[in-house]
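Chemist: What follows is the file protein25.cif, containing mmCIF, C-alpha atoms:
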```
data_target
loop_
_atom_site.group_PDB
_atom_site.id
_atom_site.type_symbol
_atom_site.label_atom_id
_atom_site.label_comp_id
_atom_site.auth_asym_id
_atom_site.auth_seq_id
_atom_site.Cartn_x
_atom_site.Cartn_y
_atom_site.Cartn_z
ATOM 1 C CA MET A 1 -5.017 1.224 -17.600
ATOM 2 C CA THR A 2 -1.769 -0.411 -18.678
ATOM 3 C CA ASP A 3 -0.495 -3.836 -19.631
ATOM 4 C CA GLY A 4 2.458 -3.749 -17.245
ATOM 5 C CA LYS A 5 4.893 -2.969 -20.102
ATOM 6 C CA ASP A 6 6.580 0.347 -20.819
ATOM 7 C CA ASN A 7 7.334 2.415 -23.877
ATOM 8 C CA GLU A 8 10.953 3.370 -24.558
ATOM 9 C CA ASP A 9 10.359 6.646 -22.694
ATOM 10 C CA GLY A 10 9.153 4.718 -19.632
ATOM 11 C CA SER A 11 5.473 5.595 -20.053
ATOM 12 C CA PRO A 12 2.922 2.777 -19.695
ATOM 13 C CA VAL A 13 1.464 1.191 -22.794
ATOM 14 C CA PRO A 14 -2.375 1.277 -22.770
ATOM 15 C CA VAL A 15 -4.302 -1.945 -23.272
ATOM 16 C CA ARG A 16 -7.646 -2.441 -24.925
ATOM 17 C CA LYS A 17 -10.788 -1.596 -23.004
ATOM 18 C CA VAL A 18 -11.574 -4.170 -20.329
ATOM 19 C CA ASN A 19 -15.182 -5.258 -19.984
ATOM 20 C CA PRO A 20 -16.732 -5.686 -16.507
ATOM 21 C CA LEU A 21 -16.923 -9.498 -16.642
ATOM 22 C CA GLN A 22 -13.296 -9.745 -17.746
ATOM 23 C CA ALA A 23 -12.186 -7.567 -14.837
ATOM 24 C CA GLU A 24 -14.348 -9.473 -12.360
ATOM 25 C CA LEU A 25 -13.139 -12.906 -13.481
ATOM 26 C CA SER A 26 -9.490 -11.813 -13.458
ATOM 27 C CA HIS A 27 -9.835 -10.947 -9.766
ATOM 28 C CA GLN A 28 -11.645 -14.231 -9.086
ATOM 29 C CA ILE A 29 -8.832 -16.164 -10.762
ATOM 30 C CA ILE A 30 -6.297 -14.301 -8.619
ATOM 31 C CA GLU A 31 -8.277 -15.338 -5.519
ATOM 32 C CA LEU A 32 -8.249 -18.977 -6.662
ATOM 33 C CA LEU A 33 -4.501 -18.820 -7.216
ATOM 34 C CA LYS A 34 -3.895 -17.239 -3.819
ATOM 35 C CA ARG A 35 -5.818 -20.033 -2.088
ATOM 36 C CA SER A 36 -4.272 -22.828 -4.164
ATOM 37 C CA GLY A 37 -0.660 -22.342 -3.086
ATOM 38 C CA LEU A 38 0.502 -23.199 -6.618
ATOM 39 C CA GLU A 39 4.149 -22.559 -7.436
ATOM 40 C CA ARG A 40 5.532 -20.552 -10.357
ATOM 41 C CA LYS A 41 5.315 -22.448 -13.679
ATOM 42 C CA SER A 42 2.264 -24.452 -12.538
ATOM 43 C CA HIS A 43 -0.002 -25.375 -15.443
ATOM 44 C CA LEU A 44 -3.403 -23.679 -15.712
ATOM 45 C CA THR A 45 -6.199 -24.554 -18.128
ATOM 46 C CA GLU A 46 -9.314 -22.691 -19.238
ATOM 47 C CA ARG A 47 -11.436 -25.762 -18.568
ATOM 48 C CA ASP A 48 -10.340 -26.209 -14.945
ATOM 49 C CA LEU A 49 -10.742 -22.514 -14.156
ATOM 50 C CA ALA A 50 -14.145 -22.351 -15.869
ATOM 51 C CA GLU A 51 -15.370 -25.316 -13.807
ATOM 52 C CA GLN A 52 -14.144 -23.776 -10.562
ATOM 53 C CA LEU A 53 -15.702 -20.394 -11.349
ATOM 54 C CA GLY A 54 -18.951 -21.821 -12.741
ATOM 55 C CA VAL A 55 -18.727 -19.980 -16.072
ATOM 56 C CA SER A 56 -18.047 -20.880 -19.685
ATOM 57 C CA ARG A 57 -14.539 -21.023 -21.119
ATOM 58 C CA SER A 58 -14.920 -17.953 -23.337
ATOM 59 C CA PRO A 59 -14.958 -15.309 -20.546
ATOM 60 C CA VAL A 60 -12.207 -17.208 -18.704
ATOM 61 C CA ARG A 61 -10.100 -17.018 -21.863
ATOM 62 C CA ALA A 62 -10.586 -13.239 -21.948
ATOM 63 C CA ALA A 63 -9.681 -12.934 -18.262
ATOM 64 C CA LEU A 64 -6.508 -14.983 -18.790
ATOM 65 C CA LYS A 65 -5.533 -12.664 -21.641
ATOM 66 C CA LEU A 66 -5.865 -9.753 -19.229
ATOM 67 C CA LEU A 67 -3.772 -11.594 -16.629
ATOM 68 C CA GLU A 68 -1.185 -12.267 -19.331
ATOM 69 C CA HIS A 69 -0.913 -8.490 -19.911
ATOM 70 C CA PHE A 70 -0.217 -8.018 -16.208
ATOM 71 C CA LYS A 71 2.381 -10.834 -16.165
ATOM 72 C CA VAL A 72 0.396 -13.103 -13.875
ATOM 73 C CA VAL A 73 0.359 -15.928 -16.433
ATOM 74 C CA THR A 74 2.134 -16.743 -19.678
ATOM 75 C CA PRO A 75 0.769 -18.922 -22.523
ATOM 76 C CA ARG A 76 2.205 -22.378 -23.217
ATOM 77 C CA SER A 77 3.097 -23.344 -26.784
ATOM 78 C CA SER A 78 1.299 -26.661 -26.240
ATOM 79 C CA GLY A 79 -1.844 -25.036 -24.828
ATOM 80 C CA GLY A 80 -3.005 -23.545 -21.569
ATOM 81 C CA TYR A 81 -1.032 -21.167 -19.384
ATOM 82 C CA LEU A 82 1.761 -21.202 -16.846
ATOM 83 C CA LEU A 83 1.621 -19.259 -13.594
ATOM 84 C CA ASP A 84 4.285 -16.588 -14.122
ATOM 85 C CA CYS A 85 4.693 -15.268 -10.577
ATOM 86 C CA ASP A 86 5.198 -16.437 -7.012
ATOM 87 C CA SER A 87 2.276 -16.649 -4.591
ATOM 88 C CA GLU A 88 3.405 -13.619 -2.587
ATOM 89 C CA ASP A 89 3.434 -11.505 -5.788
ATOM 90 C CA LEU A 90 -0.258 -12.141 -6.425
ATOM 91 C CA TYR A 91 -1.298 -9.548 -3.830
ATOM 92 C CA ARG A 92 0.827 -6.878 -5.520
ATOM 93 C CA LEU A 93 -0.306 -7.824 -9.019
ATOM 94 C CA GLU A 94 -3.925 -7.734 -7.906
ATOM 95 C CA LEU A 95 -3.477 -4.026 -7.179
ATOM 96 C CA GLU A 96 -2.606 -3.359 -10.804
ATOM 97 C CA LEU A 97 -5.710 -5.020 -12.247
ATOM 98 C CA PRO A 98 -8.696 -2.877 -13.224
ATOM 99 C CA GLN A 99 -11.240 -2.741 -10.396
ATOM 100 C CA PRO A 100 -14.498 -4.493 -11.325
ATOM 101 C CA PRO A 101 -17.456 -2.074 -11.486
ATOM 102 C CA LEU A 102 -19.298 -4.270 -8.983
ATOM 103 C CA ASP A 103 -16.561 -3.789 -6.375
ATOM 104 C CA ALA A 104 -16.379 -0.060 -7.035
ATOM 105 C CA LEU A 105 -20.127 0.379 -6.511
ATOM 106 C CA TYR A 106 -20.047 -1.886 -3.442
ATOM 107 C CA VAL A 107 -17.383 0.344 -1.862
ATOM 108 C CA ARG A 108 -19.232 3.572 -2.765
ATOM 109 C CA ILE A 109 -22.442 2.367 -1.132
ATOM 110 C CA GLY A 110 -20.516 1.314 1.987
ATOM 111 C CA GLN A 111 -18.765 4.679 2.256
ATOM 112 C CA ASP A 112 -21.999 6.610 1.786
ATOM 113 C CA ARG A 113 -23.790 4.497 4.372
ATOM 114 C CA VAL A 114 -21.086 5.042 7.010
ATOM 115 C CA GLN A 115 -20.982 8.774 6.287
ATOM 116 C CA GLY A 116 -24.731 9.019 6.815
ATOM 117 C CA LEU A 117 -25.466 9.862 3.190
ATOM 118 C CA LEU A 118 -27.758 6.871 2.786
ATOM 119 C CA PRO A 119 -30.771 6.279 5.053
ATOM 120 C CA ASN A 120 -31.593 2.952 6.676
ATOM 121 C CA HIS A 121 -34.265 2.305 4.041
ATOM 122 C CA VAL A 122 -33.370 2.545 0.329
ATOM 123 C CA THR A 123 -35.067 1.686 -2.955
ATOM 124 C CA GLU A 124 -33.561 0.628 -6.261
ATOM 125 C CA ALA A 125 -34.943 3.769 -7.921
ATOM 126 C CA ASP A 126 -33.211 6.009 -5.363
ATOM 127 C CA LEU A 127 -29.893 4.176 -5.780
ATOM 128 C CA LEU A 128 -30.080 4.243 -9.585
ATOM 129 C CA ARG A 129 -30.545 8.014 -9.509
ATOM 130 C CA ARG A 130 -27.754 8.506 -6.988
ATOM 131 C CA TYR A 131 -25.074 6.358 -8.605
ATOM 132 C CA ASP A 132 -25.991 6.566 -12.300
ATOM 133 C CA VAL A 133 -25.271 2.884 -12.966
ATOM 134 C CA THR A 134 -27.102 0.224 -14.912
ATOM 135 C CA LYS A 135 -29.945 -1.633 -13.275
ATOM 136 C CA ALA A 136 -28.170 -4.923 -13.957
ATOM 137 C CA LEU A 137 -25.041 -3.811 -12.072
ATOM 138 C CA LEU A 138 -27.052 -2.430 -9.144
ATOM 139 C CA SER A 139 -29.066 -5.649 -8.929
ATOM 140 C CA LYS A 140 -25.852 -7.681 -8.656
ATOM 141 C CA VAL A 141 -24.503 -5.465 -5.877
ATOM 142 C CA LEU A 142 -27.791 -5.554 -3.965
ATOM 143 C CA ALA A 143 -27.888 -9.340 -4.312
ATOM 144 C CA GLN A 144 -24.322 -9.558 -2.958
ATOM 145 C CA LEU A 145 -25.134 -7.268 -0.035
ATOM 146 C CA ALA A 146 -28.217 -9.345 0.754
ATOM 147 C CA SER A 147 -26.261 -12.611 0.576
ATOM 148 C CA GLU A 148 -23.659 -11.157 2.955
ATOM 149 C CA GLY A 149 -26.336 -10.029 5.405
ATOM 150 C CA MET A 150 -25.816 -6.289 4.847
ATOM 151 C CA LEU A 151 -29.311 -5.747 3.439
ATOM 152 C CA GLN A 152 -32.723 -7.248 4.104
ATOM 153 C CA PRO A 153 -35.804 -6.888 1.901
ATOM 154 C CA SER A 154 -38.280 -4.403 3.306
ATOM 155 C CA GLN A 155 -41.817 -5.575 4.059
ATOM 156 C CA GLY A 156 -42.935 -3.011 1.558
ATOM 157 C CA LYS A 157 -40.750 -1.711 -1.229
ATOM 158 C CA GLY A 158 -36.953 -1.548 -1.186
ATOM 159 C CA TRP A 159 -34.290 -2.650 1.263
ATOM 160 C CA ASN A 160 -33.231 -2.038 4.863
ATOM 161 C CA PHE A 161 -29.593 -1.948 5.982
ATOM 162 C CA THR A 162 -28.806 -4.348 8.805
ATOM 163 C CA THR A 163 -26.629 -3.596 11.830
ATOM 164 C CA LEU A 164 -23.140 -2.645 10.681
ATOM 165 C CA ILE A 165 -19.794 -1.943 12.315
ATOM 166 C CA ASP A 166 -20.258 1.783 11.840
ATOM 167 C CA SER A 167 -19.887 3.331 15.293
ATOM 168 C CA SER A 168 -17.566 3.201 18.305
ATOM 169 C CA GLY A 169 -20.107 1.027 20.134
ATOM 170 C CA SER A 170 -20.506 -1.516 17.342
ATOM 171 C CA ASN A 171 -16.742 -1.535 16.803
ATOM 172 C CA ARG A 172 -16.176 -2.355 20.491
ATOM 173 C CA GLU A 173 -18.744 -5.146 20.358
ATOM 174 C CA SER A 174 -17.103 -6.581 17.240
ATOM 175 C CA TYR A 175 -13.708 -6.709 18.926
ATOM 176 C CA GLU A 176 -15.183 -8.254 22.081
ATOM 177 C CA LEU A 177 -16.572 -11.049 19.918
ATOM 178 C CA ARG A 178 -13.279 -11.537 18.102
ATOM 179 C CA GLN A 179 -11.311 -11.551 21.365
ATOM 180 C CA LEU A 180 -13.477 -14.461 22.502
ATOM 181 C CA ILE A 181 -13.221 -16.457 19.276
ATOM 182 C CA GLU A 182 -9.819 -15.965 17.656
ATOM 183 C CA PRO A 183 -7.511 -16.936 20.572
ATOM 184 C CA VAL A 184 -9.691 -19.977 21.314
ATOM 185 C CA GLY A 185 -9.408 -21.023 17.669
ATOM 186 C CA LEU A 186 -5.619 -20.895 17.903
ATOM 187 C CA ARG A 187 -5.649 -23.113 20.996
ATOM 188 C CA SER A 188 -8.111 -25.605 19.491
ATOM 189 C CA GLU A 189 -7.008 -29.241 19.276
ATOM 190 C CA SER A 190 -8.461 -29.344 15.749
ATOM 191 C CA PHE A 191 -6.171 -26.513 14.590
ATOM 192 C CA THR A 192 -4.485 -27.651 11.354
ATOM 193 C CA VAL A 193 -1.984 -25.567 9.400
ATOM 194 C CA ASP A 194 -1.897 -25.272 5.620
ATOM 195 C CA SER A 195 1.864 -24.724 5.318
ATOM 196 C CA ALA A 196 1.750 -23.270 1.799
ATOM 197 C CA ARG A 197 -0.940 -20.772 2.707
ATOM 198 C CA LEU A 198 0.797 -19.774 5.938
ATOM 199 C CA GLY A 199 4.152 -19.439 4.185
ATOM 200 C CA ALA A 200 2.769 -17.202 1.444
ATOM 201 C CA CYS A 201 1.086 -15.035 4.085
ATOM 202 C CA ALA A 202 4.345 -14.762 6.040
ATOM 203 C CA GLU A 203 6.324 -13.763 2.941
ATOM 204 C CA LEU A 204 3.836 -11.037 2.075
ATOM 205 C CA HIS A 205 3.915 -9.700 5.629
ATOM 206 C CA HIS A 206 7.720 -9.564 5.549
ATOM 207 C CA ARG A 207 7.492 -7.399 2.434
ATOM 208 C CA LEU A 208 4.846 -5.179 4.031
ATOM 209 C CA VAL A 209 6.952 -4.649 7.144
ATOM 210 C CA ASP A 210 9.981 -3.890 4.955
ATOM 211 C CA GLY A 211 8.139 -0.989 3.317
ATOM 212 C CA LEU A 212 5.449 -2.280 0.966
ATOM 213 C CA VAL A 213 2.832 -1.107 3.497
ATOM 214 C CA PHE A 214 3.592 2.492 2.454
ATOM 215 C CA GLU A 215 3.048 1.757 -1.242
ATOM 216 C CA ILE A 216 -0.225 -0.136 -1.575
ATOM 217 C CA ALA A 217 -3.771 1.183 -1.420
ATOM 218 C CA PRO A 218 -5.660 1.242 1.919
ATOM 219 C CA HIS A 219 -8.372 -1.128 0.721
ATOM 220 C CA MET A 220 -5.706 -3.730 -0.087
ATOM 221 C CA LEU A 221 -4.207 -3.369 3.391
ATOM 222 C CA LEU A 222 -7.655 -4.069 4.797
ATOM 223 C CA THR A 223 -7.904 -7.108 2.529
ATOM 224 C CA VAL A 224 -4.525 -8.445 3.675
ATOM 225 C CA ASN A 225 -5.514 -7.925 7.297
ATOM 226 C CA ALA A 226 -8.852 -9.693 6.857
ATOM 227 C CA GLU A 227 -7.249 -12.615 5.023
ATOM 228 C CA PHE A 228 -4.699 -13.114 7.827
ATOM 229 C CA HIS A 229 -7.392 -13.385 10.484
ATOM 230 C CA GLN A 230 -9.643 -15.484 8.238
ATOM 231 C CA MET A 231 -6.783 -17.868 7.495
ATOM 232 C CA LEU A 232 -6.254 -18.599 11.185
ATOM 233 C CA ALA A 233 -9.993 -19.023 11.758
ATOM 234 C CA ASP A 234 -10.047 -21.517 8.867
ATOM 235 C CA PHE A 235 -7.099 -23.383 10.419
ATOM 236 C CA SER A 236 -9.042 -23.729 13.686
ATOM 237 C CA GLY A 237 -11.124 -26.519 12.182
ATOM 238 C CA ASN A 238 -14.265 -24.981 13.674
ATOM 239 C CA ARG A 239 -16.605 -24.023 10.834
ATOM 240 C CA PHE A 240 -18.702 -21.821 13.115
ATOM 241 C CA PHE A 241 -15.646 -19.781 14.154
ATOM 242 C CA ALA A 242 -14.658 -19.446 10.509
ATOM 243 C CA GLU A 243 -18.115 -18.305 9.393
ATOM 244 C CA ILE A 244 -18.527 -15.797 12.240
ATOM 245 C CA LEU A 245 -15.206 -14.196 11.377
ATOM 246 C CA ARG A 246 -16.069 -14.236 7.679
ATOM 247 C CA GLN A 247 -19.209 -12.226 8.444
ATOM 248 C CA GLN A 248 -17.220 -9.795 10.598
ATOM 249 C CA ASN A 249 -14.765 -9.326 7.737
ATOM 250 C CA ARG A 250 -17.603 -8.708 5.293
ATOM 251 C CA MET A 251 -19.021 -5.976 7.495
ATOM 252 C CA ARG A 252 -15.615 -4.384 7.927
ATOM 253 C CA ARG A 253 -14.938 -4.503 4.201
ATOM 254 C CA PHE A 254 -18.271 -2.817 3.521
ATOM 255 C CA THR A 255 -17.857 -0.053 6.089
ATOM 256 C CA GLU A 256 -14.080 0.491 6.154
ATOM 257 C CA SER A 257 -13.092 0.479 2.473
ATOM 258 C CA GLY A 258 -12.924 4.259 2.465
ATOM 259 C CA ALA A 259 -11.206 4.590 5.828
ATOM 260 C CA VAL A 260 -8.075 6.679 6.273
ATOM 261 C CA LEU A 261 -5.333 4.389 7.580
ATOM 262 C CA TYR A 262 -2.067 5.214 9.308
ATOM 263 C CA PRO A 263 0.658 3.252 7.435
ATOM 264 C CA GLU A 264 2.896 3.337 10.519
ATOM 265 C CA ARG A 265 0.186 1.600 12.578
ATOM 266 C CA MET A 266 -0.429 -0.880 9.769
ATOM 267 C CA GLN A 267 3.293 -1.650 9.648
ATOM 268 C CA LYS A 268 3.265 -2.430 13.385
ATOM 269 C CA SER A 269 0.097 -4.484 12.926
ATOM 270 C CA CYS A 270 1.786 -6.518 10.189
ATOM 271 C CA GLN A 271 4.751 -7.130 12.509
ATOM 272 C CA GLU A 272 2.298 -8.347 15.157
ATOM 273 C CA HIS A 273 0.848 -10.701 12.542
ATOM 274 C CA LEU A 274 4.355 -11.953 11.753
ATOM 275 C CA ASP A 275 5.061 -12.623 15.432
ATOM 276 C CA ILE A 276 1.893 -14.750 15.598
ATOM 277 C CA ILE A 277 2.834 -16.604 12.403
ATOM 278 C CA ASN A 278 6.338 -17.299 13.747
ATOM 279 C CA CYS A 279 4.888 -18.832 16.915
ATOM 280 C CA ILE A 280 2.593 -21.065 14.869
ATOM 281 C CA GLN A 281 5.472 -22.195 12.657
ATOM 282 C CA GLN A 282 7.474 -23.011 15.780
ATOM 283 C CA GLY A 283 4.598 -25.044 17.189
ATOM 284 C CA ASP A 284 3.802 -22.684 20.083
ATOM 285 C CA ARG A 285 0.126 -21.990 19.443
ATOM 286 C CA HIS A 286 -0.615 -21.105 23.048
ATOM 287 C CA TRP A 287 1.801 -18.180 22.932
ATOM 288 C CA ALA A 288 0.416 -17.288 19.495
ATOM 289 C CA ALA A 289 -3.031 -17.082 21.111
ATOM 290 C CA SER A 290 -1.684 -14.779 23.823
ATOM 291 C CA LEU A 291 -0.145 -12.542 21.157
ATOM 292 C CA MET A 292 -3.477 -12.535 19.305
ATOM 293 C CA GLU A 293 -5.277 -11.387 22.464
ATOM 294 C CA ARG A 294 -2.831 -8.509 22.825
ATOM 295 C CA HIS A 295 -3.009 -7.676 19.107
ATOM 296 C CA LEU A 296 -6.803 -7.407 19.142
ATOM 297 C CA GLN A 297 -6.737 -5.391 22.367
ATOM 298 C CA ILE A 298 -4.320 -2.866 20.842
ATOM 299 C CA SER A 299 -6.429 -2.591 17.697
ATOM 300 C CA SER A 300 -9.687 -2.184 19.618
ATOM 301 C CA THR A 301 -8.380 0.669 21.772
ATOM 302 C CA GLY A 302 -6.594 2.458 18.970
ATOM 303 C CA GLU A 303 -3.403 2.586 21.024
ATOM 304 C CA LEU A 304 -1.270 2.913 17.883
ATOM 305 C CA GLY A 305 -3.739 4.433 15.442
ATOM 306 C CA VAL A 306 -7.389 4.936 14.610
ATOM 307 C CA PRO A 307 -9.593 2.645 16.779
ATOM 308 C CA GLY A 308 -10.582 -0.467 14.914
ATOM 309 C CA ARG A 309 -8.436 0.378 11.903
ATOM 310 C CA GLU A 310 -5.769 -2.317 12.174
#
```
Output the structure of this file as structure tokens.

Modeler:
Amino acid sequence: MTDGKDNEDGSPVPVRKVNPLQAELSHQIIELLKRSGLERKSHLTERDLAEQLGVSRSPVRAALKLLEHFKVVTPRSSGGYLLDCDSEDLYRLELELPQPPLDALYVRIGQDRVQGLLPNHVTEADLLRRYDVTKALLSKVLAQLASEGMLQPSQGKGWNFTTLIDSSGSNRESYELRQLIEPVGLRSESFTVDSARLGACAELHHRLVDGLVFEIAPHMLLTVNAEFHQMLADFSGNRFFAEILRQQNRMRRFTESGAVLYPERMQKSCQEHLDIINCIQQGDRHWAASLMERHLQISSTGELGVPGRE
């Protein structure tokens, strides 16, 4: 783990040990910043962030110190912090942050489930033995999976996994649903664009198409992809569309985090995203919807890569 600075010989300088809450809150702050559309040098305060995250100021202060190490923020002499990067840089900087233990365990369980290493029915005792984690951490992950609809309490003891996007059949059904919803959302009369959010997304996609797609981790490519589609569903103004797609993205995140992706296909997918964004910016949402239909069809058939791995 490094602080983003180098020694004279070019080697990274290690930072102090990061505790799980500090890592988790640093990622949550990044997510808030990505959604806010704030510009470089915007003022940030511990109090505002603590209120938005629903925690006390002390852990937020520790998370901001971590973000300072990674050059996301810089302290102000008069108090508080300044955002020290542009919105499109937040995705790249997020890659450099330590992964919260909760996310790491979440991904491991998803990978094991898809690979058939976990049965439909599991108990906390079985999972504790398998993953060698604390009960507190496992409880948080199980609670998250339950809140996202991935797990349901068993009538007896333990948990049952719900239907996931973990087969060619379920993948086809997922894309059929999305092909019905996403183009309609783009054509909706209630469609309203958040220009800052769309602009930041476009800038990131330009960088991905120009080569960044070959440099970042697969799970971050999946995150970028999910956020693009979620953004447009949010713009639709239909809360049911937005929530359905959010649940689809949750299932894909859970089951695809360990997937092997073809960067060349992802590069083409990002260009397809850019074409859709350009149409929206030019006010031609009907053509954007047609491009979305084609984009989802290509992804569902695996014409340019692994089926369902856009």

Chemist: If you count all atoms listed in the file, which residues fall within 9 Å of Ala289 in chain A, apart from same-chain ones fewer than 2 positions away, as a list in words?

Modeler: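 Surrounding residues, per the criterion: Glu182, Pro183, Val184, Gly185, Leu186, Arg187, Ile276, Asp284, Arg285, His286, Trp287, Leu291, Met292, Glu293 and Arg294 of chain A.
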
Chemist: Determine the nearest neighbour of Lys135 in chain A from the options A:Leu164, A:Leu102, A:Val114, A:Val107, counting all atoms listed in the file.

Modeler: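 Once distances to Lys135 in chain A are computed over all atoms listed in the file, the minimum belongs to A:Leu102.
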
Chemist: Do you know which residues the PyMOL selection byres ((chain A and resi 122) around 6) returns on this file, as a count of residues only?

Modeler: 4

Chemist: CA of Arg113 in chain A and CA of Asn225 in chain A are how many Å apart?

Modeler: 22.3 Å

Chemist: Apply the PyMOL selection byres ((chain A and resi 97) around 12) to the structure shown and report the selected residues as a PyMOL selection string.

Modeler: chain A and resi 1-4+15+18+20+22-30+63-64+66-72+90-96+98-100

Chemist: For a cut-off of 12 Å around (-11.8, -16.1, 9.6), file coordinates, pick out all residues using all atoms listed in the file and list them as a PyMOL selection string.

Modeler: chain A and resi 178+181-183+185-186+225-250

Chemist: Set out as a tab-separated table a contact list for range 36-62 of chain A and range 191-204 of chain A with a cut-off of 12 Å, giving each residue of range 36-62 of chain A that qualifies its closest atom pair and distance in Å to one decimal, counting all atoms listed in the file, ordered by chain and rising residue number.

Modeler:
```
residue	atom	partner	partner_atom	distance
A:Ser36	CA	A:Arg197	CA	7.9
A:Gly37	CA	A:Ala196	CA	5.5
A:Leu38	CA	A:Ala196	CA	8.5
A:Glu39	CA	A:Ala196	CA	9.6
```

Chemist: Kindly give the distance, in Å, that separates CA of Glu272 in chain A and CA of Leu222 in chain A, rounded to a single decimal.

Modeler: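 These atoms are spaced 15.0 Å apart.
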
Chemist: In terms of the shortest atom-to-atom distance over all atoms listed in the file, which of A:His43, A:Asp103, A:Glu51, A:Ile216 is closest to Asp84 in chain A?

Modeler: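 Smallest separation from Asp84 in chain A among the options: A:His43.
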
Chemist: Exactly which residues make up the result of the PyMOL selection byres ((chain A and resi 265-271) around 6) on this file, given as a short mmCIF file (atom, residue, chain, number, x, y, z; two decimals) with C-alpha atoms, keeping the file's coordinate frame?

Modeler:
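Result written to part-v2.cif:
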```cif
data_model
loop_
_atom_site.label_atom_id
_atom_site.label_comp_id
_atom_site.auth_asym_id
_atom_site.auth_seq_id
_atom_site.Cartn_x
_atom_site.Cartn_y
_atom_site.Cartn_z
CA HIS A 205 3.92 -9.70 5.63
CA VAL A 209 6.95 -4.65 7.14
CA TYR A 262 -2.07 5.21 9.31
CA PRO A 263 0.66 3.25 7.44
CA GLU A 264 2.90 3.34 10.52
CA GLU A 272 2.30 -8.35 15.16
CA HIS A 273 0.85 -10.70 12.54
CA LEU A 274 4.36 -11.95 11.75
CA LEU A 304 -1.27 2.91 17.88
CA GLY A 305 -3.74 4.43 15.44
#
```

Chemist: One decimal, Å: what's the distance from CA of Gly156 in chain A over to CA of Pro101 in chain A, could you say?

Modeler: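 CA of Gly156 in chain A sits 28.6 Å away from CA of Pro101 in chain A.
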
Chemist: Using all atoms listed in the file, which of A:Asn120, A:Thr134, A:Gln111, A:Asn171 sits nearest Gln152 in chain A?

Modeler: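 Closest residue, counting all atoms listed in the file: A:Asn120.
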
Chemist: Out of A:Lys41, A:Ile277, A:Ala217, A:Leu127, which residue has the shortest atom-to-atom distance to Arg108 in chain A when counting only C-alpha atoms?

Modeler: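 Counting only C-alpha atoms, the residue closest to Arg108 in chain A is A:Leu127.
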
Chemist: What's around Leu83 in chain A at 6 Å? Count only C-alpha atoms, leave out sequence neighbours fewer than 4 positions away in its own chain, and write the answer as JSON, numbers by chain.

Modeler: {"A": [40, 41, 42, 73]}

Chemist: Store the residues picked out above in a file with C-alpha atoms, as a CSV table (one decimal), keeping the file's coordinate frame.

Modeler:
```csv
chain,number,residue,atom,x,y,z
A,40,ARG,CA,5.5,-20.6,-10.4
A,41,LYS,CA,5.3,-22.4,-13.7
A,42,SER,CA,2.3,-24.5,-12.5
A,73,VAL,CA,0.4,-15.9,-16.4
```

Chemist: Return the padded bounding box of range 59-72 of chain A as JSON: axis-aligned, built from all atoms listed in the file, 6 Å added on each side, with centre and edge lengths in Å to one decimal.

Modeler:
```
{"center_x": -6.3, "center_y": -12.6, "center_z": -17.9, "size_x": 29.3, "size_y": 21.2, "size_z": 20.1}
```

Chemist: Tell me which protein, DNA and RNA residues are within 6 Å of Tyr81 in chain A, counting all atoms listed in the file, leaving out same-chain ones fewer than 6 positions away, and put them as a ChimeraX atom specification.

Modeler: /A:43-44,74-75

Chemist: Could you pull range 39-56 of chain A out of the structure just shown and give C-alpha atoms as a CSV table (one decimal), in the first residue's frame?

Modeler:
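This is the output file out18.csv:
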```csv
chain,number,residue,atom,x,y,z
A,39,GLU,CA,-15.1,20.9,-9.5
A,40,ARG,CA,-11.4,20.9,-8.5
A,41,LYS,CA,-10.7,23.2,-5.5
A,42,SER,CA,-14.3,22.7,-4.1
A,43,HIS,CA,-14.4,23.0,-0.3
A,44,LEU,CA,-15.1,19.9,1.7
A,45,THR,CA,-15.8,19.7,5.4
A,46,GLU,CA,-15.8,16.8,7.9
A,47,ARG,CA,-19.2,17.8,9.2
A,48,ASP,CA,-20.9,17.8,5.8
A,49,LEU,CA,-19.4,14.4,4.9
A,50,ALA,CA,-20.2,12.9,8.3
A,51,GLU,CA,-23.8,14.0,7.9
A,52,GLN,CA,-24.1,12.5,4.4
A,53,LEU,CA,-22.5,9.2,5.4
A,54,GLY,CA,-24.3,8.9,8.8
A,55,VAL,CA,-21.2,8.6,10.9
A,56,SER,CA,-19.3,10.6,13.4
```
